[in-house]
Each structure stands twice: as C-alpha cells, then as structure tokens.
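S.K.: Here's a structure for you.
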Amino acid sequence: MAERPSRAREAFFGRLKGPRLRPGQAALLAEALPGLRLDLSEPAPADLAPLFGVPVRAVRLEIGFGGGEHLHAEAARRPEVGFIGIEPFVNGMAKLLARLAEQPLANLRLFDDDAVRVLDWLPDASLEEIDLLYPDPWPKRRHWKRRFVGEGNLDRFARVLAPGGRFCFASDIDTYVDWTLQHCARHPAFDWTARRPADWTEPFADWPGTRYEAKALREGRPPAYLTFLRR
Ligand SMILES: C[S@@+](CC[C@H](N)C(=O)[O-])C[C@H]1O[C@@H](n2cnc3c(N)ncnc32)[C@H](O)[C@@H]1O
C-alpha cells in the first residue's frame with residue numbers, strides 16, 4: 001500500500017494546506033503524484049539510480065522546494081542527474097505537478113512529507129548534493145530550535161552525502177545564515193568552501209533563483225549562498 005503522510009513529523013512545523021486547490025490541481029495530486037512519489041514502505045535500493053526512469057550518474061535532493069521553480073529548472077538542465085524533491089505544502093506540490101504536466105521530466109522523484117523521513121530512508125553516501133533554499137526562517141529566538149539546520153539534521157546530511165558531496169544553503173535571514181555557519185563549523189563532517197565574499201554573496205552556478213528569493217530581493221534583504229563540502 002502507498003505510504004501516507006505521517007502524523008509524527010520531526011522537522012515540519014509549517015502549513016500543509018493553503019488556498020483551496022482548483023479541480024485540475026486536485027486531479028494532478030490524485031493522479032500524477034502517486035507515480036512519482038517515493039515509497040518509503042519499501043527499503044531504499046542500495047543504488048538509487050533505478051528509482052528514475054532514465055539512467056542517472058548521481059542523485060541530488062532539494063528540501064522544501066516551494067513551487068518547484070528551482071527544482072524543475074535544475075532537473076531540466078541536468079538530465080543525467082536524478083533529483084528528489086520534497087515539499088509537504090500541498091499547494092506547492094500542485095504547482096510543480098502542473099509544471100511537470102507541461103514539461104515532463106523522467107529524472108525526478110517526489111515526496112510530500114517531512115524531509116527527515118526521506119533522509120532516514122536513504123542509504124549512506126547516496127547523494128552528491130543537498131539543497132536547502134530559503135528554509136522557513138523561524139526568526140524568533142524561542143523558535144530557533146524548529147529550524148531545519150541543527151545538529152541532528154547535519155548528522156543526517158553527513159550520513160547520506162557522499163564524500164566530496166555538497167550541502168547548499170541559501171537564506172535572506174541574517175540570524176539563520178549565522179546559525180548555519182556556526183552549526184556547520186562545529187560539525188566534524190563539513191567544510192565551508194568560501195574563500196572571498198563573492199563566494200557567499202553571489203548565487204550558486206547556473207542559478208535559476210527561487211520564488212522566496214525574488215520576494216527577499218524585492219523587499220531589500222540580500223541573500224547569502226553557503227556551500228559546504230562533505231569531508
Ligand atoms: C520559505 S519556503 C521556501 C520555498 C522555496 N525553497 C523557495 O525558495 O521559494 C520553505 C519551504 O520548506 C518547506 N518545509 C518546511 N519544513 C520542511 C520539512 N521538514 N521537510 C520538507 N519541507 C519542509 C515548507 O513547506 C516551505 O514550502
């Protein structure tokens with residue numbers, strides 16, 4: 001039987017639903033998502049490549065893809081890489097599925113619940129990159145412990161990233177950028193790659209942008225782009 005979203009979510013504190021879905025969006029969720037969704041009730045294959053409909057040389061993960069603009073652009077640009085996208089917010093998933101209906105991609109698999117569940121399912125050293133782009137900022141100090149970056153999730157990233165793999169983080173919230181730098185500096189598995197300011201003030205290579213980034217730029221909050229290498 002297909003996996004259903006769990007009630008016990010470790011790292012998801014956001015909204016699952018927004019405005020009511022249009023009938024076309026609801027139909028996509030019912031009809032297109034099951035064929036693309038990872039089935040966590042089965043153990044993960046030791047080699048992830050067969051999960052995809054085409055041969056892939058490596059696998060990347062995007063956590064909290066929002067409307068999927070970045071995920072779709074990256075997967076379209078790199079057909080030789082398999083992409084796993086995770087987004088529990090139903091309206092975001094519906095947006096990506098609508099985009100996929102117009103431009104289908106064989107190198108993409110999806111999951112619509114807490115990313116922690118996928119991280120704990122993936123085999124060791126199975127990913128070449130994890131993207132965490134504009135994660136929910138939880139700006140109030142009493143909510144900082146809800147942030148996706150923390151010791152536990154960095155341990156998960158360290159386990160599933162292959163040596164030399166990348167953890168790419170972007171945010172427009174200064175306290176979250178500092179928080180991530182501090183947590184990664186304390187973690188034995190990660191090295192920050194920056195050598196000069198442009199390495200964190202300029203976007204990642206071939207950067208298509210994201211919806212939240214566009215909002216941050218409109219509102220005058222310059223983002224930071226951090227790349228960490230798995231030792
Ligand atoms: C601020 S939005 C950014 C969306 C997108 N990355 C962008 O830049 O436009 C953060 C997203 O992370 C998702 N999210 C929050 N916690 C998550 C978790 N534990 N697992 C997967 N996604 C999560 C939220 O549903 C939300 O869509």
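Naming works like this for the structure tokens: A, B, ... for the chains as they're shown, residue 1 at the start of each chain, ligands 1 onward in shown order.
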Just list the residues in stretch 15-124 of chain A DSSP gives strand (DSSP E) on the backbone, as JSON, numbers by chain.
M.R.: {"A": [58, 59, 60, 61, 62, 63, 81, 82, 83, 84, 85, 86, 108, 109, 110, 111]}
S.K.: List every residue of stretch 20-136 of chain A that DSSP, applied to the backbone of this structure, places in helix (DSSP H, G or I), and write the result as a ChimeraX atom specification.
M.R.: /A:23-31,33-36,49-51,69-77,90-102,115-121
S.K.: Restrict the selected residues to N, CA and C atoms and save them as a tab-separated table (two decimals), in the first residue's frame.
M.R.:
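Resulting contents of out-v8.tsv:
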chain	number	residue	atom	x	y	z
A	23	PRO	N	-9.82	22.32	-9.29
A	23	PRO	CA	-10.06	20.90	-9.60
A	23	PRO	C	-8.91	20.27	-10.38
A	24	GLY	N	-8.30	21.03	-11.31
A	24	GLY	CA	-7.18	20.49	-12.09
A	24	GLY	C	-5.99	20.14	-11.20
A	25	GLN	N	-5.75	20.99	-10.19
A	25	GLN	CA	-4.63	20.73	-9.27
A	25	GLN	C	-4.92	19.49	-8.43
A	26	ALA	N	-6.15	19.38	-7.96
A	26	ALA	CA	-6.52	18.22	-7.14
A	26	ALA	C	-6.37	16.94	-7.97
A	27	ALA	N	-6.74	17.02	-9.24
A	27	ALA	CA	-6.64	15.83	-10.10
A	27	ALA	C	-5.17	15.44	-10.29
A	28	LEU	N	-4.30	16.45	-10.45
A	28	LEU	CA	-2.86	16.14	-10.60
A	28	LEU	C	-2.32	15.45	-9.35
A	29	LEU	N	-2.73	15.97	-8.19
A	29	LEU	CA	-2.25	15.36	-6.94
A	29	LEU	C	-2.73	13.91	-6.83
A	30	ALA	N	-3.97	13.68	-7.25
A	30	ALA	CA	-4.52	12.33	-7.14
A	30	ALA	C	-3.94	11.40	-8.20
A	31	GLU	N	-3.70	11.95	-9.39
A	31	GLU	CA	-3.34	11.05	-10.50
A	31	GLU	C	-1.83	11.02	-10.80
A	33	LEU	N	0.83	12.40	-8.76
A	33	LEU	CA	1.78	12.26	-7.65
A	33	LEU	C	2.09	10.80	-7.29
A	34	PRO	N	1.08	9.91	-7.24
A	34	PRO	CA	1.41	8.53	-6.81
A	34	PRO	C	2.51	7.88	-7.65
A	35	GLY	N	2.56	8.17	-8.93
A	35	GLY	CA	3.58	7.55	-9.78
A	35	GLY	C	4.97	8.14	-9.58
A	36	LEU	N	5.03	9.31	-8.99
A	36	LEU	CA	6.33	9.99	-8.81
A	36	LEU	C	6.82	9.92	-7.37
A	49	ALA	N	19.91	4.84	-8.43
A	49	ALA	CA	19.70	5.13	-9.86
A	49	ALA	C	18.43	4.48	-10.43
A	50	PRO	N	18.12	3.21	-10.06
A	50	PRO	CA	16.92	2.59	-10.65
A	50	PRO	C	15.59	3.25	-10.25
A	51	LEU	N	15.63	4.18	-9.28
A	51	LEU	CA	14.38	4.88	-8.92
A	51	LEU	C	13.90	5.77	-10.07
A	69	GLU	N	10.12	25.86	-8.73
A	69	GLU	CA	10.74	26.56	-9.87
A	69	GLU	C	12.21	26.15	-10.01
A	70	HIS	N	12.94	26.18	-8.90
A	70	HIS	CA	14.36	25.84	-8.94
A	70	HIS	C	14.55	24.34	-9.26
A	71	LEU	N	13.77	23.50	-8.61
A	71	LEU	CA	13.90	22.05	-8.80
A	71	LEU	C	13.65	21.69	-10.26
A	72	HIS	N	12.60	22.23	-10.85
A	72	HIS	CA	12.27	21.88	-12.24
A	72	HIS	C	13.37	22.38	-13.18
A	73	ALA	N	13.84	23.60	-12.95
A	73	ALA	CA	14.88	24.15	-13.83
A	73	ALA	C	16.16	23.32	-13.74
A	74	GLU	N	16.54	22.94	-12.53
A	74	GLU	CA	17.77	22.16	-12.36
A	74	GLU	C	17.64	20.77	-12.98
A	75	ALA	N	16.50	20.14	-12.75
A	75	ALA	CA	16.31	18.78	-13.28
A	75	ALA	C	16.24	18.81	-14.81
A	76	ALA	N	15.69	19.90	-15.37
A	76	ALA	CA	15.62	20.01	-16.83
A	76	ALA	C	17.02	20.25	-17.40
A	77	ARG	N	17.82	21.02	-16.65
A	77	ARG	CA	19.16	21.36	-17.14
A	77	ARG	C	20.13	20.19	-17.05
A	90	VAL	N	0.84	21.29	0.22
A	90	VAL	CA	0.10	20.71	-0.89
A	90	VAL	C	0.04	21.65	-2.10
A	91	ASN	N	-0.16	22.95	-1.84
A	91	ASN	CA	-0.29	23.88	-2.97
A	91	ASN	C	1.03	24.01	-3.74
A	92	GLY	N	2.16	23.89	-3.02
A	92	GLY	CA	3.46	23.92	-3.70
A	92	GLY	C	3.62	22.69	-4.58
A	93	MET	N	3.30	21.53	-4.01
A	93	MET	CA	3.39	20.29	-4.79
A	93	MET	C	2.50	20.37	-6.03
A	94	ALA	N	1.29	20.94	-5.88
A	94	ALA	CA	0.37	21.04	-7.02
A	94	ALA	C	0.97	21.94	-8.11
A	95	LYS	N	1.66	23.00	-7.70
A	95	LYS	CA	2.31	23.89	-8.69
A	95	LYS	C	3.36	23.14	-9.49
A	96	LEU	N	4.19	22.38	-8.78
A	96	LEU	CA	5.23	21.64	-9.51
A	96	LEU	C	4.60	20.62	-10.45
A	97	LEU	N	3.56	19.94	-9.99
A	97	LEU	CA	2.93	18.92	-10.84
A	97	LEU	C	2.34	19.56	-12.09
A	98	ALA	N	1.82	20.78	-11.97
A	98	ALA	CA	1.27	21.47	-13.15
A	98	ALA	C	2.40	21.78	-14.13
A	99	ARG	N	3.54	22.20	-13.60
A	99	ARG	CA	4.69	22.47	-14.45
A	99	ARG	C	5.18	21.18	-15.14
A	100	LEU	N	5.16	20.09	-14.37
A	100	LEU	CA	5.60	18.80	-14.94
A	100	LEU	C	4.63	18.30	-16.01
A	101	ALA	N	3.34	18.65	-15.86
A	101	ALA	CA	2.36	18.23	-16.88
A	101	ALA	C	2.69	18.92	-18.20
A	102	GLU	N	3.21	20.16	-18.12
A	102	GLU	CA	3.59	20.87	-19.35
A	102	GLU	C	4.93	20.41	-19.87
A	115	ALA	N	11.01	16.02	5.30
A	115	ALA	CA	12.25	15.56	4.66
A	115	ALA	C	13.05	14.61	5.55
A	116	VAL	N	12.87	14.73	6.86
A	116	VAL	CA	13.60	13.84	7.78
A	116	VAL	C	13.31	12.38	7.46
A	117	ARG	N	12.07	12.11	7.05
A	117	ARG	CA	11.69	10.72	6.75
A	117	ARG	C	12.49	10.20	5.55
A	118	VAL	N	12.70	11.04	4.56
A	118	VAL	CA	13.48	10.61	3.39
A	118	VAL	C	14.95	10.48	3.77
A	119	LEU	N	15.45	11.45	4.54
A	119	LEU	CA	16.86	11.38	4.95
A	119	LEU	C	17.13	10.08	5.70
A	120	ASP	N	16.19	9.67	6.56
A	120	ASP	CA	16.42	8.45	7.34
A	120	ASP	C	16.22	7.19	6.50
A	121	TRP	N	15.61	7.33	5.34
A	121	TRP	CA	15.36	6.18	4.45
A	121	TRP	C	16.54	5.98	3.49
S.K.: Taking only C-alpha atoms and all ligand atoms and a cut-off of 8 Å, can you tell me which residues surround ligand 1, written as a ChimeraX atom specification?
M.R.: /A:9-16,63-70,86-89,92,112-116,132-137,148,209-213
S.K.: Would you mind exporting N, CA and C atoms of the selected residues as a JSON list (two decimals), in the first residue's frame?
M.R.:
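Final output, saved to result_7.json:
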[["chain", "number", "residue", "atom", "x", "y", "z"],
["A", 9, "ARG", "N", 5.71, 14.28, 12.76],
["A", 9, "ARG", "CA", 6.71, 14.94, 11.92],
["A", 9, "ARG", "C", 7.75, 15.56, 12.82],
["A", 10, "GLU", "N", 9.01, 15.24, 12.55],
["A", 10, "GLU", "CA", 10.07, 15.72, 13.44],
["A", 10, "GLU", "C", 10.46, 17.16, 13.13],
["A", 11, "ALA", "N", 10.53, 17.51, 11.83],
["A", 11, "ALA", "CA", 11.13, 18.80, 11.46],
["A", 11, "ALA", "C", 10.19, 19.67, 10.65],
["A", 12, "PHE", "N", 8.92, 19.31, 10.54],
["A", 12, "PHE", "CA", 8.00, 20.14, 9.76],
["A", 12, "PHE", "C", 7.02, 20.82, 10.70],
["A", 13, "PHE", "N", 7.02, 22.17, 10.69],
["A", 13, "PHE", "CA", 6.15, 22.93, 11.58],
["A", 13, "PHE", "C", 5.28, 23.90, 10.80],
["A", 14, "GLY", "N", 5.34, 23.80, 9.45],
["A", 14, "GLY", "CA", 4.66, 24.80, 8.62],
["A", 14, "GLY", "C", 3.24, 24.39, 8.28],
["A", 15, "ARG", "N", 2.72, 25.04, 7.25],
["A", 15, "ARG", "CA", 1.34, 24.77, 6.80],
["A", 15, "ARG", "C", 1.36, 23.63, 5.80],
["A", 16, "LEU", "N", 0.38, 22.74, 5.91],
["A", 16, "LEU", "CA", 0.26, 21.67, 4.91],
["A", 16, "LEU", "C", -0.62, 22.11, 3.75],
["A", 63, "ILE", "N", 15.22, 20.06, -0.49],
["A", 63, "ILE", "CA", 14.31, 20.01, 0.66],
["A", 63, "ILE", "C", 13.47, 21.28, 0.70],
["A", 64, "GLY", "N", 12.14, 21.15, 0.68],
["A", 64, "GLY", "CA", 11.25, 22.32, 0.75],
["A", 64, "GLY", "C", 11.31, 23.12, -0.53],
["A", 65, "PHE", "N", 10.90, 22.49, -1.64],
["A", 65, "PHE", "CA", 11.09, 23.15, -2.95],
["A", 65, "PHE", "C", 10.06, 24.23, -3.24],
["A", 66, "GLY", "N", 9.10, 24.44, -2.35],
["A", 66, "GLY", "CA", 8.10, 25.51, -2.57],
["A", 66, "GLY", "C", 7.27, 25.19, -3.80],
["A", 67, "GLY", "N", 7.27, 26.11, -4.78],
["A", 67, "GLY", "CA", 6.53, 25.87, -6.03],
["A", 67, "GLY", "C", 7.33, 25.07, -7.04],
["A", 68, "GLY", "N", 8.57, 24.73, -6.72],
["A", 68, "GLY", "CA", 9.36, 23.84, -7.57],
["A", 68, "GLY", "C", 10.07, 24.52, -8.73],
["A", 69, "GLU", "N", 10.12, 25.86, -8.73],
["A", 69, "GLU", "CA", 10.74, 26.56, -9.87],
["A", 69, "GLU", "C", 12.21, 26.15, -10.01],
["A", 70, "HIS", "N", 12.94, 26.18, -8.90],
["A", 70, "HIS", "CA", 14.36, 25.84, -8.94],
["A", 70, "HIS", "C", 14.55, 24.34, -9.26],
["A", 86, "ILE", "N", 11.35, 17.40, -2.18],
["A", 86, "ILE", "CA", 10.43, 17.18, -1.05],
["A", 86, "ILE", "C", 9.70, 18.48, -0.73],
["A", 87, "GLU", "N", 8.37, 18.39, -0.63],
["A", 87, "GLU", "CA", 7.57, 19.57, -0.26],
["A", 87, "GLU", "C", 6.24, 19.10, 0.35],
["A", 88, "PRO", "N", 6.07, 19.30, 1.66],
["A", 88, "PRO", "CA", 4.82, 18.88, 2.29],
["A", 88, "PRO", "C", 3.64, 19.81, 2.02],
["A", 89, "PHE", "N", 3.90, 21.05, 1.60],
["A", 89, "PHE", "CA", 2.83, 22.04, 1.39],
["A", 89, "PHE", "C", 2.10, 21.68, 0.08],
["A", 92, "GLY", "N", 2.16, 23.89, -3.02],
["A", 92, "GLY", "CA", 3.46, 23.92, -3.70],
["A", 92, "GLY", "C", 3.62, 22.69, -4.58],
["A", 112, "ASP", "N", 6.04, 14.13, -0.30],
["A", 112, "ASP", "CA", 5.19, 15.23, 0.19],
["A", 112, "ASP", "C", 5.02, 15.22, 1.70],
["A", 113, "ASP", "N", 6.09, 14.92, 2.40],
["A", 113, "ASP", "CA", 6.02, 14.95, 3.87],
["A", 113, "ASP", "C", 7.39, 15.41, 4.38],
["A", 114, "ASP", "N", 7.59, 15.30, 5.67],
["A", 114, "ASP", "CA", 8.81, 15.77, 6.32],
["A", 114, "ASP", "C", 10.07, 15.16, 5.67],
["A", 115, "ALA", "N", 11.01, 16.02, 5.30],
["A", 115, "ALA", "CA", 12.25, 15.56, 4.66],
["A", 115, "ALA", "C", 13.05, 14.61, 5.55],
["A", 116, "VAL", "N", 12.87, 14.73, 6.86],
["A", 116, "VAL", "CA", 13.60, 13.84, 7.78],
["A", 116, "VAL", "C", 13.31, 12.38, 7.46],
["A", 132, "LEU", "N", 19.06, 23.26, 0.37],
["A", 132, "LEU", "CA", 18.09, 23.77, 1.35],
["A", 132, "LEU", "C", 18.01, 25.26, 1.09],
["A", 133, "LEU", "N", 17.00, 25.67, 0.34],
["A", 133, "LEU", "CA", 16.94, 27.04, -0.20],
["A", 133, "LEU", "C", 15.82, 27.82, 0.47],
["A", 134, "TYR", "N", 16.20, 28.88, 1.16],
["A", 134, "TYR", "CA", 15.22, 29.71, 1.87],
["A", 134, "TYR", "C", 14.32, 28.85, 2.77],
["A", 135, "PRO", "N", 14.92, 28.06, 3.66],
["A", 135, "PRO", "CA", 14.10, 27.27, 4.59],
["A", 135, "PRO", "C", 13.31, 28.20, 5.50],
["A", 136, "ASP", "N", 12.22, 27.69, 6.05],
["A", 136, "ASP", "CA", 11.40, 28.51, 6.97],
["A", 136, "ASP", "C", 12.33, 29.11, 8.02],
["A", 137, "PRO", "N", 12.31, 30.46, 8.18],
["A", 137, "PRO", "CA", 13.38, 31.11, 8.96],
["A", 137, "PRO", "C", 13.22, 31.05, 10.48],
["A", 148, "PHE", "N", 15.42, 23.91, 10.30],
["A", 148, "PHE", "CA", 15.79, 22.61, 9.73],
["A", 148, "PHE", "C", 17.26, 22.31, 9.99],
["A", 209, "GLY", "N", 17.27, 30.94, -9.47],
["A", 209, "GLY", "CA", 16.51, 31.71, -8.49],
["A", 209, "GLY", "C", 15.36, 30.89, -7.92],
["A", 210, "THR", "N", 14.73, 31.44, -6.88],
["A", 210, "THR", "CA", 13.54, 30.80, -6.31],
["A", 210, "THR", "C", 12.52, 31.91, -6.04],
["A", 211, "ARG", "N", 11.31, 31.48, -5.78],
["A", 211, "ARG", "CA", 10.22, 32.42, -5.51],
["A", 211, "ARG", "C", 10.51, 33.25, -4.24],
["A", 212, "TYR", "N", 10.98, 32.56, -3.19],
["A", 212, "TYR", "CA", 11.26, 33.28, -1.95],
["A", 212, "TYR", "C", 12.43, 34.23, -2.12],
["A", 213, "GLU", "N", 13.37, 33.85, -2.95],
["A", 213, "GLU", "CA", 14.49, 34.76, -3.19],
["A", 213, "GLU", "C", 14.00, 36.03, -3.85]]
S.K.: Ranking A:Pro188, A:Pro223, A:Pro203, A:Gly152 by minimum distance to A:Asp174 and counting only C-alpha atoms, which one comes first?
M.R.: A:Pro223
S.K.: Got a sec: who's within 9 Å of A:Asn107, counting only C-alpha atoms, leaving out chain neighbours fewer than 3 positions off, as a PDB file with C-alpha atoms, in the first residue's frame?
M.R.:
ATOM      1  CA  LEU A  51      14.383   4.881  -8.924  1.00  0.00           C
ATOM      2  CA  PHE A  52      14.471   7.099 -12.008  1.00  0.00           C
ATOM      3  CA  GLY A  53      13.001   6.490 -15.440  1.00  0.00           C
ATOM      4  CA  VAL A  54      16.328   7.211 -17.148  1.00  0.00           C
ATOM      5  CA  PRO A  55      19.945   6.303 -16.376  1.00  0.00           C
ATOM      6  CA  VAL A  56      21.447   8.817 -13.907  1.00  0.00           C
ATOM      7  CA  ALA A  75      16.309  18.780 -13.284  1.00  0.00           C
ATOM      8  CA  ALA A  76      15.623  20.009 -16.832  1.00  0.00           C
ATOM      9  CA  ARG A  78      20.838  18.167 -15.858  1.00  0.00           C
ATOM     10  CA  PRO A  79      19.018  15.148 -17.336  1.00  0.00           C
ATOM     11  CA  GLU A  80      21.950  12.902 -16.362  1.00  0.00           C
ATOM     12  CA  VAL A  81      21.325  13.555 -12.642  1.00  0.00           C
ATOM     13  CA  GLY A  82      18.383  12.156 -10.652  1.00  0.00           C
ATOM     14  CA  PHE A  83      16.548  14.673  -8.447  1.00  0.00           C
ATOM     15  CA  ILE A  84      14.440  14.004  -5.364  1.00  0.00           C
TER      16      ILE A  84
END
S.K.: Using only C-alpha atoms, which residues sit within 12 Å of A:Ala125 once same-chain residues fewer than 3 positions away are excluded, as a list in words?
M.R.: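 Those residues are Ala46, Asp47, Leu48, Ala58, Val59, Arg60, Leu119, Leu122, Glu128, Glu129, Ile130, Arg156, Phe157, Ala158, Arg159, Val160, Leu161, Ala162, Pro163, Gly164, Gly165, Arg166, Arg230 and Arg231 of chain A.
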S.K.: Restrict the selected residues to C-alpha atoms and save them as a CSV table (one decimal), in the first residue's frame.
M.R.:
chain,number,residue,atom,x,y,z
A,46,ALA,CA,21.3,0.3,-2.3
A,47,ASP,CA,21.9,2.1,-5.6
A,48,LEU,CA,19.3,4.9,-6.1
A,58,ALA,CA,24.3,10.8,-9.4
A,59,VAL,CA,21.4,11.9,-7.2
A,60,ARG,CA,20.6,15.3,-5.7
A,119,LEU,CA,16.9,11.4,5.0
A,122,LEU,CA,18.2,7.0,2.1
A,128,GLU,CA,26.1,14.3,-4.4
A,129,GLU,CA,24.2,17.4,-3.3
A,130,ILE,CA,21.5,18.6,-0.8
A,156,ARG,CA,21.7,13.0,8.7
A,157,PHE,CA,23.2,15.1,5.8
A,158,ALA,CA,26.7,13.8,6.7
A,159,ARG,CA,25.4,10.2,6.5
A,160,VAL,CA,23.6,10.5,3.2
A,161,LEU,CA,26.1,12.7,1.3
A,162,ALA,CA,28.9,11.0,-0.5
A,163,PRO,CA,32.5,12.2,0.5
A,164,GLY,CA,33.0,15.4,-1.5
A,165,GLY,CA,29.3,16.0,-1.8
A,166,ARG,CA,27.8,19.4,-1.3
A,230,ARG,CA,31.2,16.8,3.0
A,231,ARG,CA,34.7,15.7,4.1
S.K.: Skip A:Glu151 itself and residues of its chain fewer than 6 positions away, then list as a PyMOL selection string all residues within 12 Å of it, counting only C-alpha atoms.
M.R.: chain A and resi 145+157-158+179-180+182-190
S.K.: Could you dump the residues just selected with N, CA, C and O atoms as a tab-separated table (two decimals), in the first residue's frame?
M.R.:
chain	number	residue	atom	x	y	z
A	145	LYS	N	14.86	26.50	17.56
A	145	LYS	CA	15.07	25.04	17.58
A	145	LYS	C	14.24	24.33	16.50
A	145	LYS	O	14.47	23.16	16.20
A	157	PHE	N	22.59	14.69	7.10
A	157	PHE	CA	23.21	15.11	5.84
A	157	PHE	C	24.57	14.41	5.69
A	157	PHE	O	24.92	13.94	4.61
A	158	ALA	N	25.33	14.38	6.79
A	158	ALA	CA	26.67	13.79	6.73
A	158	ALA	C	26.58	12.31	6.36
A	158	ALA	O	27.42	11.79	5.62
A	179	TRP	N	23.57	31.19	12.07
A	179	TRP	CA	23.23	29.93	12.75
A	179	TRP	C	23.79	28.74	11.97
A	179	TRP	O	24.40	27.83	12.53
A	180	THR	N	23.59	28.78	10.64
A	180	THR	CA	24.04	27.66	9.81
A	180	THR	C	25.57	27.61	9.75
A	180	THR	O	26.17	26.54	9.83
A	182	GLN	N	27.58	28.63	12.05
A	182	GLN	CA	28.08	28.14	13.35
A	182	GLN	C	27.87	26.63	13.50
A	182	GLN	O	28.76	25.92	13.95
A	183	HIS	N	26.68	26.17	13.11
A	183	HIS	CA	26.42	24.73	13.26
A	183	HIS	C	27.34	23.90	12.36
A	183	HIS	O	27.83	22.85	12.78
A	184	CYS	N	27.58	24.38	11.14
A	184	CYS	CA	28.45	23.61	10.23
A	184	CYS	C	29.91	23.69	10.69
A	184	CYS	O	30.65	22.72	10.55
A	185	ALA	N	30.31	24.84	11.26
A	185	ALA	CA	31.70	24.96	11.74
A	185	ALA	C	31.94	23.98	12.89
A	185	ALA	O	33.03	23.43	13.03
A	186	ARG	N	30.90	23.77	13.69
A	186	ARG	CA	31.05	22.85	14.85
A	186	ARG	C	30.98	21.39	14.41
A	186	ARG	O	31.36	20.49	15.16
A	187	HIS	N	30.42	21.14	13.20
A	187	HIS	CA	30.19	19.75	12.80
A	187	HIS	C	31.44	19.18	12.14
A	187	HIS	O	32.00	19.80	11.23
A	188	PRO	N	31.89	17.99	12.55
A	188	PRO	CA	33.16	17.47	12.03
A	188	PRO	C	33.12	17.11	10.54
A	188	PRO	O	34.17	16.98	9.92
A	189	ALA	N	31.92	16.96	9.94
A	189	ALA	CA	31.87	16.45	8.56
A	189	ALA	C	31.88	17.55	7.50
A	189	ALA	O	31.98	17.23	6.32
A	190	PHE	N	31.74	18.83	7.90
A	190	PHE	CA	31.53	19.86	6.88
A	190	PHE	C	32.61	20.94	6.87
A	190	PHE	O	33.04	21.40	7.92
S.K.: Between atom CA of A:Thr193 and atom CA of A:Asp206, what is the distance in Å, rounded to a tenth?
M.R.: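 Computing the Euclidean distance for atom CA of A:Thr193 and atom CA of A:Asp206 yields 17.6 Å.
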S.K.: Restricting the calculation to only C-alpha atoms: of A:Trp192, A:Trp200, A:Tyr176, A:Phe169, which residue gets closest to A:Trp138?
M.R.: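 Of the candidates, the smallest distance to A:Trp138 is held by A:Tyr176.
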S.K.: Set the distance at 9 Å and use only C-alpha atoms: which residues neighbour A:Val177 once local chain neighbours fewer than 6 positions away are removed? I'd like the list as a VMD selection string.
M.R.: chain A and resid 169 to 171 223 to 226
